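Data block for query_10.txt (compact mmCIF, N, CA and C atoms):
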# COMPACT_ATOMS: atom_id res chain seq x y z
N MET A 10 165.66 107.20 106.05
CA MET A 10 165.26 107.45 107.41
C MET A 10 163.78 107.73 107.52
N THR A 11 163.26 108.40 106.57
CA THR A 11 161.85 108.72 106.62
C THR A 11 161.01 107.44 106.59
N ARG A 12 161.45 106.50 105.78
CA ARG A 12 160.73 105.25 105.65
C ARG A 12 160.71 104.48 106.98
N THR A 13 161.79 104.45 107.69
CA THR A 13 161.87 103.76 108.97
C THR A 13 160.92 104.38 109.97
N LYS A 14 160.86 105.69 109.99
CA LYS A 14 159.96 106.33 110.93
C LYS A 14 158.51 105.99 110.64
N LYS A 15 158.12 105.93 109.37
CA LYS A 15 156.73 105.61 109.03
C LYS A 15 156.41 104.18 109.46
N THR A 16 157.31 103.26 109.24
CA THR A 16 157.07 101.88 109.65
C THR A 16 156.97 101.79 111.16
N GLY A 17 157.84 102.52 111.84
CA GLY A 17 157.80 102.55 113.31
C GLY A 17 156.48 103.11 113.80
N MET A 18 155.95 104.11 113.17
CA MET A 18 154.67 104.71 113.55
C MET A 18 153.54 103.72 113.33
N LYS A 19 153.60 102.98 112.21
CA LYS A 19 152.56 101.98 111.93
C LYS A 19 152.58 100.89 112.99
N ALA A 20 153.76 100.46 113.39
CA ALA A 20 153.89 99.42 114.41
C ALA A 20 153.34 99.91 115.75
N ARG A 21 153.64 101.16 116.12
CA ARG A 21 153.12 101.70 117.37
C ARG A 21 151.59 101.82 117.31
N GLY A 22 151.08 102.25 116.18
CA GLY A 22 149.62 102.36 116.03
C GLY A 22 148.95 101.01 116.15
N GLY A 23 149.58 99.97 115.62
CA GLY A 23 149.04 98.61 115.74
C GLY A 23 149.03 98.13 117.18
N ARG A 24 150.11 98.44 117.88
CA ARG A 24 150.18 98.06 119.29
C ARG A 24 149.11 98.76 120.10
N VAL A 25 148.91 100.02 119.84
CA VAL A 25 147.88 100.78 120.56
C VAL A 25 146.50 100.19 120.28
N ALA A 26 146.25 99.78 119.05
CA ALA A 26 144.96 99.19 118.69
C ALA A 26 144.75 97.86 119.42
N VAL A 27 145.79 97.04 119.49
CA VAL A 27 145.68 95.74 120.17
C VAL A 27 145.45 95.95 121.67
N ILE A 28 146.18 96.86 122.27
CA ILE A 28 146.02 97.13 123.70
C ILE A 28 144.61 97.66 123.98
N GLY A 29 144.12 98.52 123.12
CA GLY A 29 142.75 99.04 123.27
C GLY A 29 141.72 97.94 123.16
N ALA A 30 141.91 97.03 122.20
CA ALA A 30 140.96 95.92 122.01
C ALA A 30 140.97 95.00 123.22
N LEU A 31 142.15 94.72 123.76
CA LEU A 31 142.23 93.86 124.95
C LEU A 31 141.56 94.53 126.16
N GLY A 32 141.75 95.82 126.29
CA GLY A 32 141.10 96.54 127.39
C GLY A 32 139.59 96.49 127.27
N LEU A 33 139.07 96.69 126.07
CA LEU A 33 137.64 96.63 125.83
C LEU A 33 137.09 95.23 126.11
N ALA A 34 137.83 94.21 125.68
CA ALA A 34 137.39 92.84 125.93
C ALA A 34 137.33 92.54 127.42
N SER A 35 138.30 93.00 128.19
CA SER A 35 138.29 92.72 129.63
C SER A 35 137.13 93.43 130.32
N VAL A 36 136.79 94.63 129.89
CA VAL A 36 135.65 95.35 130.46
C VAL A 36 134.35 94.64 130.11
N THR A 37 134.24 94.15 128.88
CA THR A 37 133.04 93.43 128.44
C THR A 37 132.85 92.14 129.24
N LEU A 38 133.94 91.39 129.46
CA LEU A 38 133.84 90.15 130.23
C LEU A 38 133.47 90.42 131.68
N ALA A 39 133.98 91.47 132.24
CA ALA A 39 133.69 91.81 133.64
C ALA A 39 132.22 92.17 133.81
N ALA A 40 131.60 92.72 132.80
CA ALA A 40 130.20 93.14 132.89
C ALA A 40 129.25 92.04 132.39
N GLY A 41 129.76 90.82 132.16
CA GLY A 41 128.95 89.71 131.67
C GLY A 41 127.96 89.23 132.71
N PRO A 42 127.17 88.21 132.36
CA PRO A 42 126.16 87.71 133.29
C PRO A 42 126.77 87.03 134.51
N ALA A 43 126.06 87.08 135.62
CA ALA A 43 126.51 86.45 136.86
C ALA A 43 126.27 84.94 136.78
N PHE A 44 127.05 84.19 137.50
CA PHE A 44 126.87 82.75 137.53
C PHE A 44 125.77 82.38 138.51
N ALA A 45 125.15 81.23 138.26
CA ALA A 45 124.07 80.76 139.12
C ALA A 45 124.63 80.42 140.50
N LYS A 46 123.80 80.61 141.50
CA LYS A 46 124.20 80.33 142.87
C LYS A 46 123.34 79.20 143.40
N GLY A 47 123.93 78.40 144.24
CA GLY A 47 123.20 77.31 144.85
C GLY A 47 124.11 76.39 145.62
N SER A 48 123.51 75.37 146.22
CA SER A 48 124.30 74.41 146.98
C SER A 48 123.53 73.10 147.08
N VAL A 49 124.24 72.06 147.48
CA VAL A 49 123.61 70.77 147.72
C VAL A 49 124.39 70.07 148.83
N ASP A 50 123.65 69.53 149.80
CA ASP A 50 124.26 68.85 150.95
C ASP A 50 123.59 67.50 151.15
N ILE A 51 124.38 66.53 151.59
CA ILE A 51 123.86 65.18 151.86
C ILE A 51 124.34 64.74 153.24
N THR A 52 123.47 64.00 153.94
CA THR A 52 123.79 63.51 155.28
C THR A 52 123.47 62.02 155.34
N ALA A 53 124.43 61.24 155.81
CA ALA A 53 124.25 59.80 155.99
C ALA A 53 125.11 59.37 157.17
N PRO A 54 124.75 58.28 157.86
CA PRO A 54 125.58 57.81 158.97
C PRO A 54 126.92 57.28 158.46
N HIS A 55 127.94 57.34 159.28
CA HIS A 55 129.26 56.83 158.88
C HIS A 55 129.28 55.31 158.87
N THR A 56 128.53 54.70 159.81
CA THR A 56 128.47 53.24 159.87
C THR A 56 127.03 52.78 160.04
N ALA A 57 126.79 51.54 159.63
CA ALA A 57 125.47 50.93 159.79
C ALA A 57 125.69 49.43 159.99
N HIS A 58 124.70 48.77 160.58
CA HIS A 58 124.80 47.33 160.83
C HIS A 58 123.95 46.57 159.83
N VAL A 59 124.44 45.41 159.42
CA VAL A 59 123.73 44.57 158.46
C VAL A 59 122.34 44.26 159.00
N GLY A 60 121.33 44.39 158.16
CA GLY A 60 119.95 44.11 158.55
C GLY A 60 119.21 45.29 159.15
N LYS A 61 119.91 46.35 159.46
CA LYS A 61 119.29 47.53 160.05
C LYS A 61 119.00 48.57 158.97
N THR A 62 118.04 49.43 159.25
CA THR A 62 117.66 50.49 158.33
C THR A 62 118.29 51.81 158.78
N PHE A 63 118.81 52.56 157.81
CA PHE A 63 119.37 53.88 158.11
C PHE A 63 118.78 54.89 157.13
N THR A 64 118.94 56.17 157.45
CA THR A 64 118.34 57.24 156.66
C THR A 64 119.41 58.10 156.00
N VAL A 65 119.18 58.39 154.72
CA VAL A 65 120.04 59.30 153.96
C VAL A 65 119.16 60.49 153.57
N THR A 66 119.59 61.69 153.92
CA THR A 66 118.81 62.89 153.60
C THR A 66 119.68 63.87 152.82
N ALA A 67 119.01 64.68 152.01
CA ALA A 67 119.72 65.69 151.24
C ALA A 67 118.81 66.89 151.01
N HIS A 68 119.42 68.04 150.86
CA HIS A 68 118.67 69.24 150.50
C HIS A 68 119.58 70.11 149.65
N GLY A 69 118.97 70.86 148.75
CA GLY A 69 119.76 71.71 147.87
C GLY A 69 118.91 72.77 147.20
N ASN A 70 119.59 73.72 146.58
CA ASN A 70 118.90 74.78 145.84
C ASN A 70 119.81 75.28 144.73
N ASP A 71 119.21 76.00 143.79
CA ASP A 71 119.94 76.58 142.68
C ASP A 71 119.03 77.61 142.04
N ASP A 72 119.59 78.74 141.64
CA ASP A 72 118.74 79.77 141.04
C ASP A 72 118.82 79.80 139.51
N ALA A 73 119.34 78.74 138.90
CA ALA A 73 119.49 78.70 137.45
C ALA A 73 118.23 78.20 136.74
N ALA A 74 117.28 77.64 137.45
CA ALA A 74 116.08 77.08 136.81
C ALA A 74 114.83 77.56 137.55
N SER A 75 113.70 77.44 136.89
CA SER A 75 112.43 77.87 137.50
C SER A 75 111.95 76.89 138.56
N TYR A 76 112.19 75.60 138.33
CA TYR A 76 111.77 74.55 139.27
C TYR A 76 112.95 73.62 139.52
N LEU A 77 112.94 72.99 140.70
CA LEU A 77 114.03 72.10 141.10
C LEU A 77 113.49 70.77 141.58
N ARG A 78 114.31 69.75 141.40
CA ARG A 78 114.01 68.43 141.96
C ARG A 78 115.33 67.83 142.42
N LEU A 79 115.34 67.27 143.62
CA LEU A 79 116.54 66.67 144.16
C LEU A 79 116.38 65.16 144.19
N CYS A 80 117.38 64.44 143.71
CA CYS A 80 117.36 62.98 143.71
C CYS A 80 118.58 62.44 144.43
N LEU A 81 118.41 61.29 145.06
CA LEU A 81 119.51 60.58 145.71
C LEU A 81 119.93 59.43 144.82
N GLU A 82 121.24 59.28 144.64
CA GLU A 82 121.80 58.17 143.88
C GLU A 82 122.72 57.38 144.78
N GLY A 83 122.83 56.08 144.53
CA GLY A 83 123.69 55.24 145.35
C GLY A 83 124.46 54.24 144.51
N ARG A 84 125.51 53.70 145.11
CA ARG A 84 126.29 52.64 144.48
C ARG A 84 127.06 51.88 145.54
N SER A 85 127.48 50.67 145.17
CA SER A 85 128.32 49.88 146.06
C SER A 85 129.37 49.16 145.22
N GLY A 86 130.51 48.96 145.79
CA GLY A 86 131.57 48.24 145.09
C GLY A 86 132.08 48.92 143.84
N GLY A 87 131.98 50.23 143.73
CA GLY A 87 132.49 50.94 142.56
C GLY A 87 131.65 50.79 141.31
N GLN A 88 130.45 50.25 141.44
CA GLN A 88 129.57 50.11 140.28
C GLN A 88 129.03 51.46 139.85
N ALA A 89 128.20 51.46 138.81
CA ALA A 89 127.61 52.71 138.32
C ALA A 89 126.58 53.25 139.32
N TRP A 90 126.38 54.56 139.29
CA TRP A 90 125.39 55.19 140.15
C TRP A 90 124.00 54.82 139.67
N HIS A 91 123.09 54.56 140.62
CA HIS A 91 121.68 54.30 140.28
C HIS A 91 120.80 55.17 141.18
N ARG A 92 119.65 55.52 140.67
CA ARG A 92 118.73 56.39 141.41
C ARG A 92 118.06 55.60 142.53
N VAL A 93 118.11 56.17 143.73
CA VAL A 93 117.47 55.56 144.90
C VAL A 93 116.08 56.14 145.08
N THR A 94 115.99 57.47 145.10
CA THR A 94 114.69 58.14 145.26
C THR A 94 114.82 59.59 144.82
N CYS A 95 113.68 60.22 144.61
CA CYS A 95 113.65 61.66 144.27
C CYS A 95 112.62 62.34 145.15
N GLY A 96 112.88 63.61 145.43
CA GLY A 96 111.94 64.41 146.20
C GLY A 96 110.93 65.07 145.27
N ALA A 97 110.09 65.88 145.85
CA ALA A 97 109.06 66.58 145.09
C ALA A 97 109.66 67.74 144.30
N VAL A 98 108.97 68.14 143.23
CA VAL A 98 109.38 69.31 142.45
C VAL A 98 108.97 70.56 143.22
N VAL A 99 109.90 71.51 143.36
CA VAL A 99 109.63 72.75 144.09
C VAL A 99 110.04 73.94 143.22
N ALA A 100 109.47 75.09 143.50
CA ALA A 100 109.83 76.32 142.80
C ALA A 100 111.18 76.82 143.28
N THR A 101 111.90 77.52 142.43
CA THR A 101 113.17 78.11 142.81
C THR A 101 112.96 79.05 143.99
N GLY A 102 113.90 79.06 144.91
CA GLY A 102 113.77 79.85 146.13
C GLY A 102 113.36 78.98 147.30
N THR A 103 112.94 77.76 147.02
CA THR A 103 112.57 76.80 148.05
C THR A 103 113.61 75.68 148.04
N ASP A 104 114.00 75.20 149.21
CA ASP A 104 114.94 74.08 149.28
C ASP A 104 114.30 72.81 148.76
N ALA A 105 114.96 72.16 147.80
CA ALA A 105 114.52 70.85 147.33
C ALA A 105 115.06 69.82 148.33
N GLN A 106 114.25 68.80 148.66
CA GLN A 106 114.66 67.82 149.65
C GLN A 106 114.35 66.41 149.17
N ALA A 107 115.11 65.45 149.67
CA ALA A 107 114.86 64.03 149.41
C ALA A 107 115.35 63.24 150.62
N THR A 108 114.61 62.19 150.95
CA THR A 108 114.97 61.32 152.06
C THR A 108 114.78 59.87 151.63
N ALA A 109 115.75 59.03 151.95
CA ALA A 109 115.66 57.61 151.63
C ALA A 109 115.94 56.80 152.88
N ARG A 110 115.10 55.81 153.12
CA ARG A 110 115.35 54.86 154.20
C ARG A 110 115.88 53.60 153.53
N VAL A 111 117.11 53.25 153.88
CA VAL A 111 117.81 52.16 153.22
C VAL A 111 118.09 51.04 154.21
N GLU A 112 117.83 49.80 153.80
CA GLU A 112 118.16 48.66 154.64
C GLU A 112 119.52 48.12 154.20
N ALA A 113 120.45 48.01 155.14
CA ALA A 113 121.78 47.49 154.86
C ALA A 113 121.69 45.98 154.71
N GLU A 114 121.79 45.50 153.48
CA GLU A 114 121.58 44.06 153.21
C GLU A 114 122.83 43.22 153.43
N SER A 115 124.01 43.77 153.12
CA SER A 115 125.25 43.01 153.30
C SER A 115 126.37 43.97 153.68
N SER A 116 127.44 43.41 154.23
CA SER A 116 128.55 44.26 154.67
C SER A 116 129.30 44.80 153.45
N GLY A 117 129.94 45.95 153.67
CA GLY A 117 130.69 46.59 152.59
C GLY A 117 130.53 48.10 152.69
N VAL A 118 130.98 48.78 151.67
CA VAL A 118 130.92 50.24 151.64
C VAL A 118 129.85 50.67 150.63
N LEU A 119 128.94 51.52 151.09
CA LEU A 119 127.91 52.10 150.23
C LEU A 119 128.20 53.58 150.07
N GLU A 120 127.95 54.10 148.88
CA GLU A 120 128.14 55.53 148.62
C GLU A 120 126.83 56.12 148.13
N TYR A 121 126.57 57.33 148.58
CA TYR A 121 125.36 58.05 148.16
C TYR A 121 125.76 59.47 147.77
N ARG A 122 125.03 60.03 146.80
CA ARG A 122 125.23 61.42 146.42
C ARG A 122 123.88 62.03 146.08
N ALA A 123 123.81 63.35 146.19
CA ALA A 123 122.59 64.09 145.88
C ALA A 123 122.79 64.87 144.59
N VAL A 124 121.74 64.89 143.76
CA VAL A 124 121.80 65.60 142.48
C VAL A 124 120.61 66.55 142.40
N VAL A 125 120.89 67.83 142.12
CA VAL A 125 119.83 68.83 141.93
C VAL A 125 119.59 68.97 140.43
N TYR A 126 118.34 68.76 140.02
CA TYR A 126 117.94 68.92 138.62
C TYR A 126 117.14 70.19 138.46
N GLY A 127 117.37 70.91 137.37
CA GLY A 127 116.61 72.10 137.04
C GLY A 127 115.54 71.75 136.01
N LEU A 128 114.34 72.29 136.20
CA LEU A 128 113.23 72.05 135.29
C LEU A 128 112.65 73.38 134.85
N THR A 129 112.06 73.42 133.66
CA THR A 129 111.43 74.65 133.18
C THR A 129 109.97 74.75 133.60
N SER A 130 109.36 73.61 133.94
CA SER A 130 107.98 73.59 134.43
C SER A 130 107.86 72.42 135.41
N PRO A 131 106.79 72.37 136.19
CA PRO A 131 106.65 71.26 137.15
C PRO A 131 106.58 69.89 136.48
N ASN A 132 106.16 69.84 135.22
CA ASN A 132 106.02 68.56 134.52
C ASN A 132 107.08 68.37 133.43
N ASP A 133 108.18 69.09 133.52
CA ASP A 133 109.26 69.01 132.52
C ASP A 133 109.79 67.59 132.44
N SER A 134 109.81 67.02 131.23
CA SER A 134 110.30 65.65 131.07
C SER A 134 111.78 65.60 130.68
N HIS A 135 112.44 66.75 130.62
CA HIS A 135 113.86 66.80 130.29
C HIS A 135 114.62 67.65 131.30
N PRO A 136 114.76 67.15 132.54
CA PRO A 136 115.48 67.93 133.55
C PRO A 136 116.96 68.04 133.22
N VAL A 137 117.57 69.12 133.70
CA VAL A 137 118.99 69.37 133.48
C VAL A 137 119.71 69.28 134.82
N ARG A 138 120.79 68.52 134.84
CA ARG A 138 121.58 68.37 136.07
C ARG A 138 122.28 69.69 136.36
N GLU A 139 121.98 70.27 137.53
CA GLU A 139 122.56 71.56 137.91
C GLU A 139 123.73 71.40 138.87
N ARG A 140 123.56 70.59 139.91
CA ARG A 140 124.60 70.42 140.93
C ARG A 140 124.62 68.97 141.41
N THR A 141 125.80 68.53 141.82
CA THR A 141 125.97 67.19 142.38
C THR A 141 126.83 67.30 143.63
N SER A 142 126.40 66.64 144.71
CA SER A 142 127.18 66.67 145.95
C SER A 142 128.35 65.69 145.84
N GLY A 143 129.24 65.82 146.76
CA GLY A 143 130.29 64.81 146.89
C GLY A 143 129.67 63.57 147.51
N PRO A 144 130.32 62.42 147.42
CA PRO A 144 129.74 61.20 147.96
C PRO A 144 129.78 61.15 149.48
N ALA A 145 128.72 60.57 150.06
CA ALA A 145 128.66 60.28 151.49
C ALA A 145 128.84 58.77 151.60
N THR A 146 129.80 58.34 152.40
CA THR A 146 130.15 56.92 152.49
C THR A 146 129.59 56.32 153.77
N VAL A 147 128.97 55.14 153.62
CA VAL A 147 128.43 54.40 154.77
C VAL A 147 129.14 53.06 154.81
N ASP A 148 129.78 52.76 155.94
CA ASP A 148 130.47 51.49 156.12
C ASP A 148 129.50 50.52 156.80
N VAL A 149 129.04 49.50 156.08
CA VAL A 149 128.09 48.54 156.62
C VAL A 149 128.89 47.39 157.23
N ARG A 150 128.62 47.09 158.54
CA ARG A 150 129.35 46.02 159.25
C ARG A 150 128.41 44.94 159.70

As structure tokens:
Amino acid sequence: MTRTKKTGMKARGGRVAVIGALGLASVTLAAGPAFAKGSVDITAPHTAHVGKTFTVTAHGNDDAASYLRLCLEGRSGGQAWHRVTCGAVVATGTDAQATARVEAESSGVLEYRAVVYGLTSPNDSHPVRERTSGPATVDVR
């Protein structure tokens, strides 16, 4: 009987240690670093006419980098995304903006999205993609 009690005590002590470790881990995770905040929005017309020019605009921000640059990407027919234009590099705390004037060359569906890049300096040659908007669809008739 004595032996059973000692084993039972060891098992309880192990459980208490595991519960304590889990409690400490949850407190440590709760006090971890905050996530970056920001947003990105894109505006484009729902429809456009062949041969006419329309405007796609976007603005965004993010506090994860020292400098930001916003670029517009486009695609048609489910092809790969390609860069249409990029805005100027701005310091964090300022809205990054980009505007593209696009001529609708043929009928079909065009998609555009905005991408916010983070830079460590105004001349950073290795920007990091921070945020991407959902696609804005333009039906060209």

Query raised in the report: For Gly87 in chain A, which residue among A:Asp148, A:Asp50, A:Glu120, A:Glu139 is the nearest when counting only N, CA and C atoms?
Result: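 With only N, CA and C atoms as the atom set, the closest residue is A:Glu120.
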
Report task. Find, counting all atoms listed in the file, the residue in A:Ser142, A:Ser75, A:Gln106, A:Ser115 that gets nearest to Gly60 in chain A. Result -> A:Ser115

Query - Using only C-alpha atoms: which of A:Tyr121, A:Leu77, A:Lys46, A:Lys61 has the shortest distance to Pro144 in chain A - result: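 Of the candidates, the smallest distance to Pro144 in chain A is held by A:Tyr121.
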
Query - Among listed residues A:Thr56, A:Thr94, A:Ser48, A:Thr62, nearest Glu114 in chain A (using all atoms listed in the file) - result: A:Thr62

Report task. Work out how far CA of Ala89 in chain A is from CA of Thr146 in chain A, in Å to one decimal. Result ->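 Answer for the CA of Thr146 in chain A to CA of Ala89 in chain A separation: 15.0 Å.
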
What would range 113-127 of chain A look like with N, CA, C and O atoms in place, written as a CSV table (one decimal), in the frame of the given file?
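And here is the file that came out, selection.csv:
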chain,number,residue,atom,x,y,z
A,113,ALA,N,120.4,48.0,155.1
A,113,ALA,CA,121.8,47.5,154.9
A,113,ALA,C,121.7,46.0,154.7
A,113,ALA,O,121.5,45.3,155.7
A,114,GLU,N,121.8,45.5,153.5
A,114,GLU,CA,121.6,44.1,153.2
A,114,GLU,C,122.8,43.2,153.4
A,114,GLU,O,122.7,42.1,153.8
A,115,SER,N,124.0,43.8,153.1
A,115,SER,CA,125.2,43.0,153.3
A,115,SER,C,126.4,44.0,153.7
A,115,SER,O,126.3,45.2,153.5
A,116,SER,N,127.4,43.4,154.2
A,116,SER,CA,128.6,44.3,154.7
A,116,SER,C,129.3,44.8,153.4
A,116,SER,O,129.3,44.2,152.4
A,117,GLY,N,129.9,46.0,153.7
A,117,GLY,CA,130.7,46.6,152.6
A,117,GLY,C,130.5,48.1,152.7
A,117,GLY,O,130.0,48.6,153.7
A,118,VAL,N,131.0,48.8,151.7
A,118,VAL,CA,130.9,50.2,151.6
A,118,VAL,C,129.8,50.7,150.6
A,118,VAL,O,129.9,50.2,149.5
A,119,LEU,N,128.9,51.5,151.1
A,119,LEU,CA,127.9,52.1,150.2
A,119,LEU,C,128.2,53.6,150.1
A,119,LEU,O,128.6,54.2,151.0
A,120,GLU,N,128.0,54.1,148.9
A,120,GLU,CA,128.1,55.5,148.6
A,120,GLU,C,126.8,56.1,148.1
A,120,GLU,O,126.1,55.5,147.4
A,121,TYR,N,126.6,57.3,148.6
A,121,TYR,CA,125.4,58.0,148.2
A,121,TYR,C,125.8,59.5,147.8
A,121,TYR,O,126.7,60.0,148.3
A,122,ARG,N,125.0,60.0,146.8
A,122,ARG,CA,125.2,61.4,146.4
A,122,ARG,C,123.9,62.0,146.1
A,122,ARG,O,122.9,61.3,145.7
A,123,ALA,N,123.8,63.4,146.2
A,123,ALA,CA,122.6,64.1,145.9
A,123,ALA,C,122.8,64.9,144.6
A,123,ALA,O,123.9,65.4,144.4
A,124,VAL,N,121.7,64.9,143.8
A,124,VAL,CA,121.8,65.6,142.5
A,124,VAL,C,120.6,66.6,142.4
A,124,VAL,O,119.5,66.1,142.6
A,125,VAL,N,120.9,67.8,142.1
A,125,VAL,CA,119.8,68.8,141.9
A,125,VAL,C,119.6,69.0,140.4
A,125,VAL,O,120.5,69.2,139.7
A,126,TYR,N,118.3,68.8,140.0
A,126,TYR,CA,117.9,68.9,138.6
A,126,TYR,C,117.1,70.2,138.5
A,126,TYR,O,116.3,70.5,139.3
A,127,GLY,N,117.4,70.9,137.4
A,127,GLY,CA,116.6,72.1,137.0
A,127,GLY,C,115.5,71.8,136.0
A,127,GLY,O,115.8,71.0,135.1
